[in-house]
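These notes concern the structure reproduced below.
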There are 2 protein chains.
Amino acid sequence: MVPAEQLSIPERVALITRNLEEVIGADELPGLLEQGMTLQHYIGLEISGRLHLGTGLMVMQKVRDLQQAGVKCRILLADWHTWLNDKLGGDREKIRKIGMGYFQTGLRASLAAVGGDPNSLEFIFGSDFYHHNDRYWEAFVDVCKNTTLNRIVRSVSIMGRSEGESMDFAKLLYPPMQVVDVFMLNSHIAHGGMDQRKAHVIARDVANALTIAPMRDSKGKVIKPIAIHGHLLLGLSKPTEWPVDPERLRELRTQMKMSKSKPASAVFLNDTPDEIRKKIRKAFCPPANEGMDFNPILDWTEHLIFNNQPDGLFIERKPENGGNIHFKSMESLKAAYADGSLHVMDLKSGLAEGLITLLAPVRKIFAEHAEMMAELEALL
Amino acid sequence: MVPAEQLSIPERVALITRNLEEVIGADELPGLLEQGMTLQHYIGLEISGRLHLGTGLMVMQKVRDLQQAGVKCRILLADWHTWLNDKLGGDREKIRKIGMGYFQTGLRASLAAVGGDPNSLEFIFGSDFYHHNDRYWEAFVDVCKNTTLNRIVRSVSIMGRSEGESMDFAKLLYPPMQVVDVFMLNSHIAHGGMDQRKAHVIARDVANALTIAPMRDSKGKVIKPIAIHGHLLLGLSKPTEWPVDPERLRELRTQMKMSKSKPASAVFLNDTPDEIRKKIRKAFCPPANEGMDFNPILDWTEHLIFNNQPDGLFIERKPENGGNIHFKSMESLKAAYADGSLHVMDLKSGLAEGLITLLAPVRKIFAEHAEMMAELEALL
């Protein structure tokens, strides 16, 4: 790997922004890099049970990219947000244990698996960050003063929670706390899935008005956090509505994302090779003539295999089925699927084996932490 | 004055609950007193400029009553709430100076003027109370989890702020912070004007659900704060709508309260005797045949003179106007006003001189703090 300081600014920008759904403020990135600043990244993760590939691989492959571009990466283990959202029964002791143990271990192992540097990844535990942190709550008021009720309600709705005035008020503390996290962690790059965009847009919109914790560049000028939003992996299950109305595709994609609340839709870091094979085998994979856009198998192959393995995907096949085949690009694989020369079962098998290989170092680390894993199972 | 420990429980209850608009949870009071608990009181005051008689005399006369009943009284100098409400331009340094200086001095002097004990009155400065107070913010989340958005919005509206979704979100932090103040200060008695009732009702409604800072009696049983709501003095100005539609009286009373934002409607602790005489002379005082309920002069005479001066009101009159007269009860004074034997100018003059006498010790204290008063004028 080329050290970041030997990369050109366009190369660093390319690493930071590649394989994302959206970058807000991309134009501001070269200017900050030209100042010679060490850019700081953060992503907040709720501690809500087993880690799935959306977090373990999708988030971590972007962290790897950022590290390669010379960005300092930090994970906020967001125990307060988990509590606000009533995850893990709102049991704060349980949340802390899983966050401090399984989450840190699993995320470091995942980052290593996709070629990042687990040692330079920093973890910040929410409770520790907020501890005796008066300035945090002052900044919280400051953010709230610069945001309307209406906007907060809309941010919460997009996060998949029930709308309406009967919502418990704690749910509304979530977006402004998220915005404060960005600024108090001095995060030049705020990272999340597409479901975090509303909070990040608020952060950018209030940036110039903040009095408590504005973020500044090396010249002292106020800057807005650059928001990077990763792809949300499709769940493996067949959508409740099929075929999907193209008009509603965007809306349904969020609903149809892989989710740990629907275990059949997701693969977890902890899954055994056989569990992975079984889930992929049963997964929804419509024929090419029904459209290629809403196919979780193609989606995973692109985002988990091709974005992590420069060598592409190697699929073993029996000689009578055409023999082994090596796809060097997603385009060539899609073309083969479209023209029928790549059979659905072979694609699934190739994806499953590719994932099993990718996750092998993670399983190894978990196996070395049998006690932690037993504790996790006892807590969930 | 009889020491509280020599009073019977009904006598103490009578002191705590007298001259109020409302007591919520009055039935719970004897039980707490019978346990031999030292009850704790609190009232939160925004630091929003000059103190008027609504705070200086109305609040302090209730504090005096509570002290006489053996209740420990505390004033929360609510600088954060002042900031949330954008009072004093949201200038936190200014808010602190006025709170620490003028407010404490003025309120202690007022309490002494109405016969309370300024030395046993405790002041708690909001920022100091919240400083490094993690449990406060945990309790804040706990309260928010047990309250709906709808309810918070309704509490804010009643406080006289603009409704609607364009409201800045910080305004919505006010009611739950107020509720947390009650519990974190372990306030068995929460005190405010009628405009605080919605927040206090929330406090009572969440009391049983709280996990972080529930309030308990001496037997460890969860208790709800007893809410006491004082009368809001009428402003001295003529209402914009006169005569007042009896159906709308309750609604208009809140709008027509004395307010420092309408200086002609209010008398301030700092006013000179001549300013007091002039304001009272110009005040709205409708003749008895237009109704006695919405007459600020009668209102002030009852709540400021009769509730503070056991001797009642002494009015000097020229012999040709009937000579000096001494009213020992509000009833006799109202009867004389109703039958025309007490002239409006004599009533106003009697009220003005009564207030001037009552406030004399406050003016004396202010005169002894010329530097503080000059600083106040410079800051406002």
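Scheme for the structure tokens: letters A, B, ... for chains in order shown; per-chain residue numbers from 1; ligand numbers from 1 in order shown.
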Practice task
Mind listing the strand (DSSP E or B) residues of stretch 155-294 of chain A, per DSSP on the backbone, as a list in words?
Solution key: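 Everything in stretch 155-294 of chain A that counts as strand (DSSP E or B) is Asp168, Ile189, Ala190, His191, Gly192, Gly193, Arg216, Val222, Ile226, Ala227, Ile228, His229, Gly230, Leu234, Lys257 and Phe268 of chain A.
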Problem - Counting only C-alpha atoms, chain B residues within 12 Å of chain A, as JSON, numbers by chain - result: {"B": [80, 81, 82, 83, 84, 85, 86, 90, 91, 92, 127, 128, 129, 130, 131, 132, 133, 134, 135, 136, 137, 138, 139, 140, 141, 142, 143, 144, 145, 146, 147, 148, 149, 150, 151, 152, 153, 154, 156, 163, 164, 165, 166, 167, 168, 169, 170, 171, 172, 173, 174, 175, 176, 177, 211, 212]}
Handout entry: Close residues, stretch 222-236 of chain A itself excluded, 7 Å, only C-alpha atoms, min 5 positions apart in chain, as an MDAnalysis selection string
Key = chainID A and resid 20:26 54 187:194 200 204 207:208 214:217 256:259 264:266 283:284 296 299:300
Practice task
Just the residues within 12 Å of B:Glu241, please, counting only C-alpha atoms, with nothing from its chain fewer than 6 positions along; format it as number ranges by chain.
Solution key: B: 248-249, 252-253, 255-256, 294
Exercise for the section: For A:Gly312, please output as an MDAnalysis selection string all residues within 9 Å (counting only C-alpha atoms; exclusion window: fewer than 5 positions along the same chain). Expected result: chainID A and resid 305:307 326:330
Handout entry: Who sits within 12 Å of A:Gly291, only C-alpha atoms, same chain under 3 positions skipped, as a PyMOL selection string
Key = chain A and resi 242-246+249+285-288+294-296+298+334+337-338
Practice task
Give the answer as one residue: which of A:Ile43, A:Ile276, A:Met372, A:Leu51 has the shortest atom-to-atom distance to A:Glu353, using only C-alpha atoms?
Solution key: A:Ile276
Handout entry: Contacts of B:Leu15 at 9 Å (only C-alpha atoms; same-chain gap of 2+ positions) as a PyMOL selection string
Key = chain B and resi 10-13+17-19+62+65-66+68-69
Exercise for the section: Give the helix (DSSP H, G or I) residues of stretch 108-138 of chain B, as assigned by DSSP on the backbone, as an NGL selection string. Expected result: :B and (108-113 or 118-120 or 126-130 or 134-138)
Handout entry: Distance criterion (only C-alpha atoms): nearest to A:Met184 out of A:Ala203, A:Leu7, A:Glu290, A:Leu33
Key =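 The answer is A:Ala203, which sits nearest to A:Met184.
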